[in-house]
Structures are given as C-alpha cells and as structure tokens.
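I have placed the structure first, in the form of structure tokens, so that the comments after it can refer back to it.
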Amino acid sequence: MTGAAIDLTNQFLIAMPGMGSDMFAGTVVYLCEHNERGALGLVINKPIEIKLKNLFEKVELSLDRPELSDVPVYFGGPVQTERGFVLHERLGEEGGHYNSTLSIPGGLEMTTSKDVLEALSAGGGPRRILVTLGYSGWGAGQLEDEIGRNSWLTVQAVPEIIFDTPVEQRYDRAMGLLGIDTTMLSQQAGHA
C-alpha cells in the first residue's frame, strides 16, 4: 500500500445497504481505534435482549441509577462477545479514570474494566453510556480493503447519535451526516 495511512479513529463506519445477510448489514460502528495494526470499533445500533439491570445482576452489582435499568445492552461486534465494553463521555480531570480505559483522540472513552460498572452501581460514573457485549475488529489493512470495496462509508462521529438518538434512527441519522437520504439508496451494487 502506498501513500499516507488513513486514521478513522472517532468516526462512524456506516454499512452500505448492499451488505445483505452480513452480520454488519444496517450497522453503524463507532471506531475507537484505527492504526497500522488494524481497527477496533463498537456497533451502536444493534440492541440485544439483555438490559443493563440484567447485566449488573450477572456481575453481582446493584444498579442505583433507575434511568439506566431498562437501557439495552448492544451487540458490539463478533469478537469477545462475552466481554463488556462501555463507551462513555470523557470524565474530565475531576472525574478520575478507570483501570482499563482507551481515551479516543477527539472523542469519547471506552472502558473494559469492572470499576466503571462499580461506579455506575454506586450511582456515579459517566452520565451517558453505551454498553456492548463484544467488539468489531479488523486486522492490518482489512478495514481499508473493505472501504475500498465500497462496504462502508465513513463520517466524523457525533456523540448525540450514540447517546441521544433513538436506536431505530441512528443509521439514517449517521447517513444524514453525509447528506444521504437512505430512502433514495438502491439495495443493489452496480458498476458502470
């Protein structure tokens, strides 16, 4: 590969409509990390049957934040689906930090250690969160290859789509950041 490497950290990957039966069909992935070794992201629009209160019960914690108890847990991707990933706003200097937190340049934070759940359990922790089981991963050059084959569109991430937009609208809103109306897209890929 020649030329400058692209860095899509803190961007949305938006699945093209032609993905069909692929597990990523209709998904929006928030990219937490992208470098020469590969990429790691979390799907933000595929809720699963588990609610946060159930997840907290599984790890033997109470959840003293009633506004969070019925919030869904999401399918973050096909890698390490038994492991939890918490995407959240930066805590700032006064908020401290957690043991295993990836601070995403220009963006959010992603924590994988139980201490973030313990903080939430005690009524504290980050105000806005998205919890996934599993993550989406790509090896070196794999994501660039998929983008080159028109599998994904990319756009600068907007936290409001992750935290404030109803899940069924996240795909359309992410596409809207590119000025694309999804009702106008063909389901068929074609070549001139």
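Naming scheme: A, B, ... for chains in displayed order of the structure tokens; residues 1 onward per chain; ligands 1 onward as shown.
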Item to check | Selection: 12 Å around A:Phe75, only C-alpha atoms, excl. self and same-chain fewer than 5 positions, as an NGL selection string | outcome: :A and (23-24 or 27-29 or 41-51 or 80-86 or 130-136)
Next on the checklist: Give me, as a list of chain:residue names, all polymer residues having an atom no more than 8 Å from stretch 113-126 of chain A, counting only C-alpha atoms and skipping those fewer than 5 positions away in the same chain.
Outcome noted: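 My list of contacting residues is A:Phe56, A:Leu61, A:Ser62, A:Leu63, A:Asp64, A:Arg65, A:Val86, A:His88, A:Glu89, A:Arg90, A:Leu91, A:Tyr98, A:Asn99, A:Ser100, A:Thr101.
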Item to check | All strand (DSSP E or B) positions in chain A, as a ChimeraX atom specification | outcome: /A:11-15,28-35,38-43,47-51,72-75,79-88,101-103,109-111,129-139,152-156
Item to check | Residue neighbourhood stretch 30-39 of chain A, 6 Å, only C-alpha atoms, exclusion window fewer than 5 positions, as JSON, numbers by chain | outcome: {"A": [7, 8, 9, 10, 11, 12, 104, 137, 138, 139, 140]}
